[in-house]
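Student: For reference, this is target09.txt, and it has compact mmCIF, N, CA and C atoms.
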```txt
# COMPACT_ATOMS: atom_id res chain seq x y z
N MET Q 1 0.82 -1.20 0.00
CA MET Q 1 0.00 0.00 0.00
C MET Q 1 0.86 1.26 0.00
N CYS Q 2 1.93 1.29 0.81
CA CYS Q 2 2.74 2.50 0.90
C CYS Q 2 3.45 2.81 -0.42
N GLU Q 3 3.88 1.77 -1.17
CA GLU Q 3 4.53 2.02 -2.45
C GLU Q 3 3.55 2.70 -3.43
N GLN Q 4 2.31 2.23 -3.45
CA GLN Q 4 1.32 2.80 -4.36
C GLN Q 4 1.02 4.25 -3.99
N LEU Q 5 0.91 4.53 -2.70
CA LEU Q 5 0.64 5.89 -2.24
C LEU Q 5 1.81 6.81 -2.57
N MET Q 6 3.03 6.30 -2.40
CA MET Q 6 4.22 7.09 -2.73
C MET Q 6 4.25 7.39 -4.22
N LYS Q 7 3.99 6.39 -5.05
CA LYS Q 7 3.97 6.60 -6.50
C LYS Q 7 2.89 7.60 -6.89
N GLN Q 8 1.72 7.47 -6.29
CA GLN Q 8 0.63 8.39 -6.59
C GLN Q 8 1.02 9.83 -6.24
N PHE Q 9 1.70 10.01 -5.12
CA PHE Q 9 2.15 11.34 -4.72
C PHE Q 9 3.20 11.88 -5.70
N ILE Q 10 4.17 11.06 -6.03
CA ILE Q 10 5.26 11.49 -6.92
C ILE Q 10 4.73 11.82 -8.31
N TYR Q 11 3.75 11.06 -8.79
CA TYR Q 11 3.18 11.31 -10.12
C TYR Q 11 2.46 12.66 -10.20
N GLN Q 12 2.16 13.28 -9.08
CA GLN Q 12 1.54 14.60 -9.09
C GLN Q 12 2.49 15.67 -9.61
N PHE Q 13 3.79 15.39 -9.54
CA PHE Q 13 4.81 16.33 -10.01
C PHE Q 13 5.11 16.02 -11.48
N ASP Q 14 4.17 16.40 -12.33
CA ASP Q 14 4.26 16.07 -13.76
C ASP Q 14 4.66 17.25 -14.62
N GLY Q 15 5.12 18.33 -14.00
CA GLY Q 15 5.57 19.49 -14.76
C GLY Q 15 4.49 20.51 -15.02
N THR Q 16 3.28 20.27 -14.50
CA THR Q 16 2.21 21.25 -14.67
C THR Q 16 2.13 22.11 -13.41
N LEU Q 17 1.71 23.35 -13.61
CA LEU Q 17 1.59 24.29 -12.49
C LEU Q 17 0.41 23.88 -11.61
N LYS Q 18 0.68 23.65 -10.32
CA LYS Q 18 -0.35 23.25 -9.36
C LYS Q 18 -0.14 24.00 -8.07
N ASP Q 19 -1.19 24.05 -7.28
CA ASP Q 19 -1.11 24.58 -5.94
C ASP Q 19 -0.93 23.39 -4.99
N PHE Q 20 -0.13 23.56 -3.94
CA PHE Q 20 0.11 22.46 -3.01
C PHE Q 20 -1.17 21.96 -2.37
N SER Q 21 -2.16 22.83 -2.19
CA SER Q 21 -3.42 22.41 -1.56
C SER Q 21 -4.12 21.31 -2.35
N GLU Q 22 -3.83 21.21 -3.67
CA GLU Q 22 -4.42 20.17 -4.50
C GLU Q 22 -3.90 18.78 -4.14
N ILE Q 23 -2.69 18.69 -3.64
CA ILE Q 23 -2.10 17.38 -3.32
C ILE Q 23 -1.82 17.22 -1.83
N GLU Q 24 -2.22 18.17 -1.02
CA GLU Q 24 -1.92 18.12 0.41
C GLU Q 24 -2.53 16.89 1.10
N TYR Q 25 -3.70 16.45 0.63
CA TYR Q 25 -4.32 15.26 1.23
C TYR Q 25 -3.44 14.04 1.04
N LEU Q 26 -2.77 13.91 -0.14
CA LEU Q 26 -1.84 12.80 -0.36
C LEU Q 26 -0.62 12.93 0.53
N PHE Q 27 -0.13 14.15 0.67
CA PHE Q 27 1.01 14.43 1.54
C PHE Q 27 0.69 13.98 2.97
N ASP Q 28 -0.50 14.36 3.47
CA ASP Q 28 -0.89 14.00 4.84
C ASP Q 28 -1.07 12.50 5.01
N LEU Q 29 -1.53 11.81 3.96
CA LEU Q 29 -1.67 10.35 4.02
C LEU Q 29 -0.32 9.65 4.02
N LEU Q 30 0.66 10.23 3.33
CA LEU Q 30 1.95 9.58 3.13
C LEU Q 30 2.97 9.85 4.23
N PHE Q 31 3.04 11.09 4.72
CA PHE Q 31 4.09 11.47 5.66
C PHE Q 31 3.58 11.53 7.10
N ASP Q 32 4.33 10.94 8.01
CA ASP Q 32 4.04 10.99 9.43
C ASP Q 32 4.32 12.41 9.95
N LYS Q 33 3.60 12.82 10.99
CA LYS Q 33 3.79 14.19 11.52
C LYS Q 33 5.18 14.38 12.12
N ASN Q 34 5.87 13.30 12.50
CA ASN Q 34 7.23 13.39 13.05
C ASN Q 34 8.30 13.03 12.02
N PHE Q 35 7.96 13.11 10.76
CA PHE Q 35 8.87 12.75 9.66
C PHE Q 35 10.18 13.55 9.73
N VAL Q 36 11.29 12.85 9.41
CA VAL Q 36 12.61 13.49 9.32
C VAL Q 36 13.34 12.91 8.10
N MET Q 37 13.87 13.82 7.28
CA MET Q 37 14.71 13.40 6.15
C MET Q 37 16.12 13.90 6.39
N THR Q 38 17.09 13.04 6.09
CA THR Q 38 18.50 13.40 6.23
C THR Q 38 19.16 13.34 4.86
N SER Q 39 19.83 14.43 4.50
CA SER Q 39 20.53 14.45 3.21
C SER Q 39 21.83 13.67 3.34
N LYS Q 40 22.48 13.45 2.21
CA LYS Q 40 23.75 12.72 2.27
C LYS Q 40 24.84 13.53 2.95
N HIS Q 41 24.59 14.85 3.14
CA HIS Q 41 25.55 15.72 3.83
C HIS Q 41 25.18 15.88 5.31
N GLY Q 42 24.14 15.18 5.77
CA GLY Q 42 23.76 15.24 7.18
C GLY Q 42 22.77 16.32 7.53
N ILE Q 43 22.24 17.04 6.55
CA ILE Q 43 21.25 18.09 6.82
C ILE Q 43 19.90 17.45 7.05
N ARG Q 44 19.24 17.82 8.15
CA ARG Q 44 17.94 17.23 8.50
C ARG Q 44 16.81 18.17 8.12
N SER Q 45 15.73 17.60 7.60
CA SER Q 45 14.53 18.34 7.24
C SER Q 45 13.33 17.70 7.93
N ASN Q 46 12.43 18.54 8.45
CA ASN Q 46 11.23 18.02 9.10
C ASN Q 46 10.03 18.15 8.17
N ILE Q 47 8.85 17.89 8.68
CA ILE Q 47 7.64 17.88 7.86
C ILE Q 47 7.34 19.25 7.25
N SER Q 48 7.55 20.32 8.00
CA SER Q 48 7.27 21.66 7.45
C SER Q 48 8.29 22.03 6.38
N ASP Q 49 9.54 21.59 6.52
CA ASP Q 49 10.55 21.81 5.49
C ASP Q 49 10.15 21.10 4.19
N MET Q 50 9.62 19.89 4.33
CA MET Q 50 9.20 19.12 3.16
C MET Q 50 8.03 19.80 2.46
N LYS Q 51 7.08 20.33 3.23
CA LYS Q 51 5.95 21.04 2.62
C LYS Q 51 6.45 22.24 1.82
N ARG Q 52 7.38 23.00 2.38
CA ARG Q 52 7.95 24.16 1.67
C ARG Q 52 8.65 23.72 0.39
N MET Q 53 9.40 22.63 0.46
CA MET Q 53 10.12 22.14 -0.70
C MET Q 53 9.15 21.71 -1.80
N PHE Q 54 8.13 20.94 -1.44
CA PHE Q 54 7.17 20.47 -2.43
C PHE Q 54 6.36 21.62 -3.01
N THR Q 55 6.03 22.61 -2.19
CA THR Q 55 5.32 23.79 -2.68
C THR Q 55 6.17 24.52 -3.71
N SER Q 56 7.44 24.70 -3.39
CA SER Q 56 8.36 25.37 -4.31
C SER Q 56 8.50 24.57 -5.61
N ASP Q 57 8.61 23.25 -5.51
CA ASP Q 57 8.75 22.42 -6.71
C ASP Q 57 7.51 22.50 -7.60
N LEU Q 58 6.32 22.58 -6.99
CA LEU Q 58 5.11 22.72 -7.79
C LEU Q 58 5.06 24.07 -8.49
N GLU Q 59 5.53 25.12 -7.82
CA GLU Q 59 5.55 26.46 -8.42
C GLU Q 59 6.54 26.54 -9.57
N LYS Q 60 7.62 25.76 -9.50
CA LYS Q 60 8.64 25.77 -10.55
C LYS Q 60 8.32 24.75 -11.66
N THR Q 61 7.14 24.15 -11.61
CA THR Q 61 6.72 23.10 -12.55
C THR Q 61 7.79 22.01 -12.68
N THR Q 62 8.20 21.52 -11.53
CA THR Q 62 9.20 20.46 -11.46
C THR Q 62 8.57 19.12 -11.82
N THR Q 63 9.33 18.30 -12.52
CA THR Q 63 8.90 16.95 -12.88
C THR Q 63 9.69 15.95 -12.05
N TYR Q 64 8.96 15.01 -11.42
CA TYR Q 64 9.59 13.88 -10.72
C TYR Q 64 9.29 12.64 -11.55
N MET Q 65 10.32 11.86 -11.84
CA MET Q 65 10.14 10.60 -12.56
C MET Q 65 10.76 9.49 -11.73
N ILE Q 66 9.99 8.45 -11.48
CA ILE Q 66 10.50 7.32 -10.72
C ILE Q 66 11.36 6.46 -11.63
N GLN Q 67 12.63 6.31 -11.27
CA GLN Q 67 13.53 5.44 -12.02
C GLN Q 67 13.40 4.01 -11.51
N SER Q 68 13.28 3.85 -10.19
CA SER Q 68 13.04 2.54 -9.59
C SER Q 68 12.42 2.74 -8.22
N CYS Q 69 11.65 1.75 -7.81
CA CYS Q 69 11.00 1.78 -6.49
C CYS Q 69 10.79 0.34 -6.08
N ARG Q 70 11.38 -0.04 -4.95
CA ARG Q 70 11.22 -1.43 -4.51
C ARG Q 70 11.33 -1.53 -3.00
N ARG Q 71 10.63 -2.51 -2.46
CA ARG Q 71 10.70 -2.80 -1.03
C ARG Q 71 11.99 -3.57 -0.79
N ILE Q 72 12.79 -3.10 0.16
CA ILE Q 72 14.06 -3.77 0.43
C ILE Q 72 14.01 -4.63 1.68
N CYS Q 73 13.06 -4.35 2.57
CA CYS Q 73 12.80 -5.20 3.73
C CYS Q 73 11.48 -4.74 4.34
N ILE Q 74 11.06 -5.39 5.38
CA ILE Q 74 9.81 -5.00 6.02
C ILE Q 74 9.96 -3.57 6.55
N GLY Q 75 9.08 -2.70 6.10
CA GLY Q 75 9.09 -1.32 6.57
C GLY Q 75 10.09 -0.40 5.91
N ALA Q 76 10.69 -0.83 4.79
CA ALA Q 76 11.67 0.03 4.11
C ALA Q 76 11.55 -0.11 2.60
N ILE Q 77 11.66 1.02 1.93
CA ILE Q 77 11.60 1.09 0.47
C ILE Q 77 12.77 1.92 -0.01
N GLU Q 78 13.35 1.54 -1.14
CA GLU Q 78 14.32 2.40 -1.78
C GLU Q 78 13.72 2.88 -3.09
N VAL Q 79 13.93 4.16 -3.34
CA VAL Q 79 13.37 4.77 -4.54
C VAL Q 79 14.43 5.66 -5.17
N GLU Q 80 14.47 5.64 -6.49
CA GLU Q 80 15.37 6.51 -7.22
C GLU Q 80 14.50 7.41 -8.08
N ILE Q 81 14.66 8.71 -7.91
CA ILE Q 81 13.80 9.69 -8.56
C ILE Q 81 14.65 10.67 -9.36
N ARG Q 82 14.23 10.94 -10.59
CA ARG Q 82 14.86 11.99 -11.39
C ARG Q 82 14.02 13.24 -11.23
N ILE Q 83 14.66 14.34 -10.85
CA ILE Q 83 13.99 15.61 -10.58
C ILE Q 83 14.50 16.63 -11.59
N THR Q 84 13.57 17.20 -12.37
CA THR Q 84 13.96 18.16 -13.40
C THR Q 84 13.05 19.38 -13.39
N ASN Q 85 13.66 20.52 -13.64
CA ASN Q 85 12.95 21.77 -13.93
C ASN Q 85 13.93 22.66 -14.68
N ASP Q 86 13.63 23.95 -14.80
CA ASP Q 86 14.51 24.85 -15.56
C ASP Q 86 15.88 25.02 -14.91
N GLU Q 87 15.97 24.79 -13.60
CA GLU Q 87 17.21 25.03 -12.87
C GLU Q 87 18.03 23.78 -12.62
N ILE Q 88 17.38 22.63 -12.45
CA ILE Q 88 18.10 21.42 -12.05
C ILE Q 88 17.70 20.22 -12.91
N ASP Q 89 18.57 19.25 -12.91
CA ASP Q 89 18.31 17.94 -13.49
C ASP Q 89 19.18 16.97 -12.70
N LYS Q 90 18.57 16.30 -11.73
CA LYS Q 90 19.36 15.43 -10.86
C LYS Q 90 18.61 14.14 -10.56
N ILE Q 91 19.35 13.17 -10.08
CA ILE Q 91 18.78 11.90 -9.65
C ILE Q 91 19.12 11.73 -8.17
N GLU Q 92 18.09 11.40 -7.38
CA GLU Q 92 18.27 11.15 -5.96
C GLU Q 92 17.91 9.70 -5.66
N HIS Q 93 18.75 9.06 -4.89
CA HIS Q 93 18.48 7.71 -4.39
C HIS Q 93 18.12 7.86 -2.92
N ILE Q 94 16.92 7.41 -2.55
CA ILE Q 94 16.39 7.65 -1.20
C ILE Q 94 15.92 6.33 -0.60
N VAL Q 95 16.25 6.10 0.65
CA VAL Q 95 15.74 4.96 1.40
C VAL Q 95 14.75 5.50 2.43
N CYS Q 96 13.52 4.97 2.39
CA CYS Q 96 12.43 5.44 3.26
C CYS Q 96 12.03 4.35 4.23
N SER Q 97 11.80 4.75 5.49
CA SER Q 97 11.31 3.82 6.52
C SER Q 97 9.86 4.14 6.82
N PHE Q 98 9.05 3.11 6.91
CA PHE Q 98 7.63 3.26 7.17
C PHE Q 98 7.27 2.68 8.54
N GLU Q 99 6.31 3.29 9.17
CA GLU Q 99 5.65 2.73 10.35
C GLU Q 99 4.17 2.81 10.05
N GLY Q 100 3.53 1.66 10.02
CA GLY Q 100 2.16 1.64 9.56
C GLY Q 100 2.17 1.89 8.07
N GLU Q 101 1.44 2.87 7.62
CA GLU Q 101 1.40 3.23 6.21
C GLU Q 101 1.99 4.61 5.94
N LYS Q 102 2.78 5.14 6.88
CA LYS Q 102 3.34 6.49 6.72
C LYS Q 102 4.86 6.46 6.76
N ILE Q 103 5.46 7.36 5.99
CA ILE Q 103 6.92 7.50 6.00
C ILE Q 103 7.31 8.26 7.25
N VAL Q 104 8.22 7.68 8.05
CA VAL Q 104 8.69 8.36 9.26
C VAL Q 104 10.10 8.90 9.10
N ARG Q 105 10.90 8.22 8.26
CA ARG Q 105 12.28 8.64 8.04
C ARG Q 105 12.64 8.42 6.57
N ALA Q 106 13.52 9.28 6.09
CA ALA Q 106 14.07 9.11 4.74
C ALA Q 106 15.52 9.55 4.77
N GLN Q 107 16.33 8.84 4.03
CA GLN Q 107 17.76 9.14 3.95
C GLN Q 107 18.14 9.22 2.48
N ILE Q 108 18.64 10.38 2.05
CA ILE Q 108 19.16 10.49 0.68
C ILE Q 108 20.55 9.88 0.72
N THR Q 109 20.72 8.76 0.02
CA THR Q 109 22.00 8.06 0.07
C THR Q 109 22.91 8.44 -1.07
N ASN Q 110 22.33 8.94 -2.17
CA ASN Q 110 23.15 9.37 -3.30
C ASN Q 110 22.37 10.42 -4.08
N GLU Q 111 23.09 11.37 -4.63
CA GLU Q 111 22.48 12.44 -5.42
C GLU Q 111 23.51 12.92 -6.41
N PHE Q 112 23.12 13.00 -7.68
CA PHE Q 112 24.06 13.53 -8.65
C PHE Q 112 23.33 14.27 -9.76
N ASP Q 113 24.03 15.24 -10.32
CA ASP Q 113 23.51 16.06 -11.40
C ASP Q 113 23.65 15.26 -12.69
N THR Q 114 22.54 15.02 -13.38
CA THR Q 114 22.59 14.19 -14.58
C THR Q 114 23.36 14.85 -15.70
N ARG Q 115 23.38 16.18 -15.74
CA ARG Q 115 24.14 16.85 -16.80
C ARG Q 115 25.62 16.51 -16.68
N THR Q 116 26.15 16.50 -15.48
CA THR Q 116 27.56 16.12 -15.27
C THR Q 116 27.75 14.64 -15.56
N TYR Q 117 26.81 13.83 -15.11
CA TYR Q 117 26.90 12.39 -15.31
C TYR Q 117 26.90 12.05 -16.80
N PHE Q 118 25.97 12.64 -17.56
CA PHE Q 118 25.90 12.33 -18.98
C PHE Q 118 27.11 12.89 -19.72
N TYR Q 119 27.65 14.03 -19.28
CA TYR Q 119 28.87 14.56 -19.88
C TYR Q 119 30.01 13.59 -19.65
N ASP Q 120 30.13 13.08 -18.43
CA ASP Q 120 31.19 12.12 -18.12
C ASP Q 120 31.04 10.87 -18.97
N MET Q 121 29.78 10.41 -19.15
CA MET Q 121 29.54 9.21 -19.96
C MET Q 121 29.90 9.49 -21.42
N ASP Q 122 29.61 10.70 -21.94
CA ASP Q 122 29.97 11.05 -23.30
C ASP Q 122 31.48 11.02 -23.47
N MET Q 123 32.22 11.56 -22.49
CA MET Q 123 33.68 11.54 -22.57
C MET Q 123 34.19 10.09 -22.54
N PHE Q 124 33.59 9.25 -21.71
CA PHE Q 124 33.98 7.84 -21.65
C PHE Q 124 33.73 7.17 -23.00
N ASN Q 125 32.57 7.44 -23.61
CA ASN Q 125 32.24 6.83 -24.89
C ASN Q 125 33.19 7.29 -25.99
N LEU Q 126 33.60 8.57 -25.98
CA LEU Q 126 34.56 9.06 -26.97
C LEU Q 126 35.90 8.35 -26.82
N VAL Q 127 36.34 8.20 -25.58
CA VAL Q 127 37.62 7.54 -25.32
C VAL Q 127 37.55 6.09 -25.78
N GLU Q 128 36.43 5.40 -25.47
CA GLU Q 128 36.30 4.00 -25.85
C GLU Q 128 36.11 3.82 -27.35
N ARG Q 129 35.27 4.65 -27.95
CA ARG Q 129 34.94 4.48 -29.37
C ARG Q 129 36.13 4.78 -30.26
N PHE Q 130 36.84 5.86 -29.97
CA PHE Q 130 37.93 6.29 -30.83
C PHE Q 130 39.30 5.96 -30.24
N LYS Q 131 39.31 5.28 -29.13
CA LYS Q 131 40.55 4.89 -28.45
C LYS Q 131 41.44 6.10 -28.21
N LEU Q 132 40.82 7.19 -27.79
CA LEU Q 132 41.58 8.39 -27.47
C LEU Q 132 42.36 8.16 -26.18
N PRO Q 133 43.58 8.65 -26.10
CA PRO Q 133 44.33 8.48 -24.86
C PRO Q 133 43.77 9.39 -23.77
N LEU Q 134 43.80 8.93 -22.55
CA LEU Q 134 43.34 9.73 -21.43
C LEU Q 134 44.35 10.81 -21.07
N PHE Q 135 45.59 10.64 -21.47
CA PHE Q 135 46.61 11.66 -21.27
C PHE Q 135 47.54 11.61 -22.48
N ASP Q 136 48.27 12.68 -22.71
CA ASP Q 136 49.10 12.80 -23.90
C ASP Q 136 50.38 11.99 -23.74
N THR Q 137 50.55 11.02 -24.63
CA THR Q 137 51.77 10.20 -24.60
C THR Q 137 52.57 10.39 -25.88
N SER Q 138 52.34 11.50 -26.57
CA SER Q 138 52.96 11.69 -27.88
C SER Q 138 54.38 12.25 -27.83
N TRP Q 139 54.86 12.70 -26.67
CA TRP Q 139 56.20 13.27 -26.62
C TRP Q 139 57.27 12.19 -26.68
N ASP Q 140 58.42 12.59 -27.16
CA ASP Q 140 59.55 11.65 -27.23
C ASP Q 140 60.20 11.52 -25.87
N GLU Q 141 60.86 10.42 -25.69
CA GLU Q 141 61.54 10.20 -24.43
C GLU Q 141 62.71 11.17 -24.33
N VAL Q 142 62.93 11.72 -23.16
CA VAL Q 142 63.99 12.70 -22.94
C VAL Q 142 65.30 11.94 -22.68
N ASP Q 143 66.38 12.37 -23.38
CA ASP Q 143 67.67 11.76 -23.15
C ASP Q 143 68.23 12.23 -21.81
N GLU Q 144 68.97 11.38 -21.19
CA GLU Q 144 69.60 11.76 -19.93
C GLU Q 144 70.65 12.83 -20.18
N VAL Q 145 70.80 13.72 -19.25
CA VAL Q 145 71.76 14.81 -19.39
C VAL Q 145 73.11 14.41 -18.87
```
Spell out the structure here as structure tokens.

Tutor:
Amino acid sequence: MCEQLMKQFIYQFDGTLKDFSEIEYLFDLLFDKNFVMTSKHGIRSNISDMKRMFTSDLEKTTTYMIQSCRRICIGAIEVEIRITNDEIDKIEHIVCSFEGEKIVRAQITNEFDTRTYFYDMDMFNLVERFKLPLFDTSWDEVDEV
């Protein structure tokens, strides 16, 4: 049940302009009043911080796309979400803990900017496809003095 509710909530961020009050009932069903999220840098966010973040994302017509979502053990789900708008394009890997049917804790375990990631992959593909050297080895050996 919690996976379906989480997906239903995330699907509300489809890039269309919405007011948070339109999805607040889903937010209240999904998140526990004592919810805490910890970023990979150790920054903690509570329920009111999350409301502000989601409100801001809706105003910026942010799109959330689920890359993967699976139960990893009783009371825990891992989800990978791609978040895009005019300012950002990133993927977050999050592990969520549930009590009952509500999320009580979430930990962002990995986060990266897809623009940097895809650039790095393009450079890797160029090196592999054309066998480009990773460093310049074209100089002649220097004679001893």

Student: Smallest atom-to-atom distance to Q:Ile66: which of Q:Gly15, Q:Asn85, Q:Cys2, Q:Lys7, using only C-alpha atoms?

Tutor: Q:Lys7

Student: Hey, which of Q:Leu17, Q:Cys73, Q:Lys40, Q:Phe31 ends up closest to Q:Thr109? Count all atoms listed in the file.

Tutor: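 Under the stated criterion, the closest residue is Q:Lys40.
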
Student: Write down as a list in words the residues belonging to stretch 16-75 of chain Q that are assigned helix (DSSP H, G or I) by DSSP computed on the backbone.

Tutor: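 These are the residues in question: Phe20, Ser21, Glu22, Glu24, Tyr25, Leu26, Phe27, Asp28, Leu29, Leu30, Ile47, Ser48, Asp49, Met50, Lys51, Arg52, Met53, Phe54, Thr55, Ser56, Asp57, Leu58 and Glu59 of chain Q.
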
Student: List as a JSON list (two decimals) with N, CA and C atoms, keeping the file's coordinate frame the residues having at least one atom at most 6 Å from position (23.1, 11.9, -3.9) as given in the file, counting all atoms listed in the file.

Tutor:
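part19.json written:
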```json
[["chain", "number", "residue", "atom", "x", "y", "z"],
["Q", 91, "ILE", "N", 19.35, 13.17, -10.08],
["Q", 91, "ILE", "CA", 18.78, 11.90, -9.65],
["Q", 91, "ILE", "C", 19.12, 11.73, -8.17],
["Q", 92, "GLU", "N", 18.09, 11.40, -7.38],
["Q", 92, "GLU", "CA", 18.27, 11.15, -5.96],
["Q", 92, "GLU", "C", 17.91, 9.70, -5.66],
["Q", 93, "HIS", "N", 18.75, 9.06, -4.89],
["Q", 93, "HIS", "CA", 18.48, 7.71, -4.39],
["Q", 93, "HIS", "C", 18.12, 7.86, -2.92],
["Q", 108, "ILE", "N", 18.64, 10.38, 2.05],
["Q", 108, "ILE", "CA", 19.16, 10.49, 0.68],
["Q", 108, "ILE", "C", 20.55, 9.88, 0.72],
["Q", 109, "THR", "N", 20.72, 8.76, 0.02],
["Q", 109, "THR", "CA", 22.00, 8.06, 0.07],
["Q", 109, "THR", "C", 22.91, 8.44, -1.07],
["Q", 110, "ASN", "N", 22.33, 8.94, -2.17],
["Q", 110, "ASN", "CA", 23.15, 9.37, -3.30],
["Q", 110, "ASN", "C", 22.37, 10.42, -4.08],
["Q", 111, "GLU", "N", 23.09, 11.37, -4.63],
["Q", 111, "GLU", "CA", 22.48, 12.44, -5.42],
["Q", 111, "GLU", "C", 23.51, 12.92, -6.41],
["Q", 112, "PHE", "N", 23.12, 13.00, -7.68],
["Q", 112, "PHE", "CA", 24.06, 13.53, -8.65],
["Q", 112, "PHE", "C", 23.33, 14.27, -9.76]]
```

Student: Record the distance separating atom CA of Q:Glu101 and atom C of Q:Asp89, expressed in Å with one decimal.

Tutor: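 Straight-line distance from atom CA of Q:Glu101 to atom C of Q:Asp89 works out to 29.4 Å.
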
Student: For a test of reading the model, state the distance in Å between atom CA of Q:Ile77 and atom CA of Q:Ile10, rounded to one decimal.

Tutor: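 Separation of atom CA of Q:Ile77 and atom CA of Q:Ile10: 14.2 Å.
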
Student: Find the residues near Q:Leu29: any atom within 8 Å, counting all atoms listed in the file, skip ones fewer than 2 places away on the same chain, and give them as a list in words.

Tutor: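 These residues fall inside the cut-off: Leu5, Met6, Ile23, Glu24, Tyr25, Leu26, Phe27, Phe31, Asp32, Glu101, Lys102 and Ile103 of chain Q.
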
Student: Show which residues sit within 9 Å of Q:Val79, as a tab-separated table (two decimals) with N, CA and C atoms, in the frame of the given file. Count only C-alpha atoms, and ignore same-chain residues fewer than 4 positions away.

Tutor:
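Saved as around02.tsv:
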```tsv
chain	number	residue	atom	x	y	z
Q	66	ILE	N	9.99	8.45	-11.48
Q	66	ILE	CA	10.50	7.32	-10.72
Q	66	ILE	C	11.36	6.46	-11.63
Q	67	GLN	N	12.63	6.31	-11.27
Q	67	GLN	CA	13.53	5.44	-12.02
Q	67	GLN	C	13.40	4.01	-11.51
Q	68	SER	N	13.28	3.85	-10.19
Q	68	SER	CA	13.04	2.54	-9.59
Q	68	SER	C	12.42	2.74	-8.22
Q	69	CYS	N	11.65	1.75	-7.81
Q	69	CYS	CA	11.00	1.78	-6.49
Q	69	CYS	C	10.79	0.34	-6.08
Q	70	ARG	N	11.38	-0.04	-4.95
Q	70	ARG	CA	11.22	-1.43	-4.51
Q	70	ARG	C	11.33	-1.53	-3.00
Q	71	ARG	N	10.63	-2.51	-2.46
Q	71	ARG	CA	10.70	-2.80	-1.03
Q	71	ARG	C	11.99	-3.57	-0.79
Q	92	GLU	N	18.09	11.40	-7.38
Q	92	GLU	CA	18.27	11.15	-5.96
Q	92	GLU	C	17.91	9.70	-5.66
Q	93	HIS	N	18.75	9.06	-4.89
Q	93	HIS	CA	18.48	7.71	-4.39
Q	93	HIS	C	18.12	7.86	-2.92
Q	94	ILE	N	16.92	7.41	-2.55
Q	94	ILE	CA	16.39	7.65	-1.20
Q	94	ILE	C	15.92	6.33	-0.60
Q	95	VAL	N	16.25	6.10	0.65
Q	95	VAL	CA	15.74	4.96	1.40
Q	95	VAL	C	14.75	5.50	2.43
Q	96	CYS	N	13.52	4.97	2.39
Q	96	CYS	CA	12.43	5.44	3.26
Q	96	CYS	C	12.03	4.35	4.23
```

Student: What does the distance from atom CA of Q:Lys90 to atom N of Q:Asn34 come to in Å, to one decimal?

Tutor: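 The value is 27.1 Å.
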
Student: Env of Q:Asn46: 6 Å cut, atoms = all atoms listed in the file, seq-sep filter 5 positions within chain, self excluded. Answer as a list in words.

Tutor: Phe35, Val36 and Met37 of chain Q

Student: Keeping N, CA and C atoms, export the residues of the selection given above as a short mmCIF file (atom, residue, chain, number, x, y, z; two decimals), keeping the file's coordinate frame.

Tutor:
```cif
data_model
loop_
_atom_site.label_atom_id
_atom_site.label_comp_id
_atom_site.auth_asym_id
_atom_site.auth_seq_id
_atom_site.Cartn_x
_atom_site.Cartn_y
_atom_site.Cartn_z
N PHE Q 35 7.96 13.11 10.76
CA PHE Q 35 8.87 12.75 9.66
C PHE Q 35 10.18 13.55 9.73
N VAL Q 36 11.29 12.85 9.41
CA VAL Q 36 12.61 13.49 9.32
C VAL Q 36 13.34 12.91 8.10
N MET Q 37 13.87 13.82 7.28
CA MET Q 37 14.71 13.40 6.15
C MET Q 37 16.12 13.90 6.39
#
```

Student: Could you give me the axis-aligned bounding box of stretch 54-61 of chain Q, with 4 Å of padding per side, as centre plus edge lengths in Å to one decimal, as AutoDock Vina command-line options?

Tutor:
```
--center_x 6.9 --center_y 23.5 --center_z -7.1 --size_x 11.7 --size_y 14.1 --size_z 19.2
```

Student: Which of stretch 7-141 of chain Q end up as strand (DSSP E) when DSSP is run on this backbone - answer as a PyMOL selection string?

Tutor: chain Q and resi 31-38+44-46+63-73+76-84+89-99+102-113
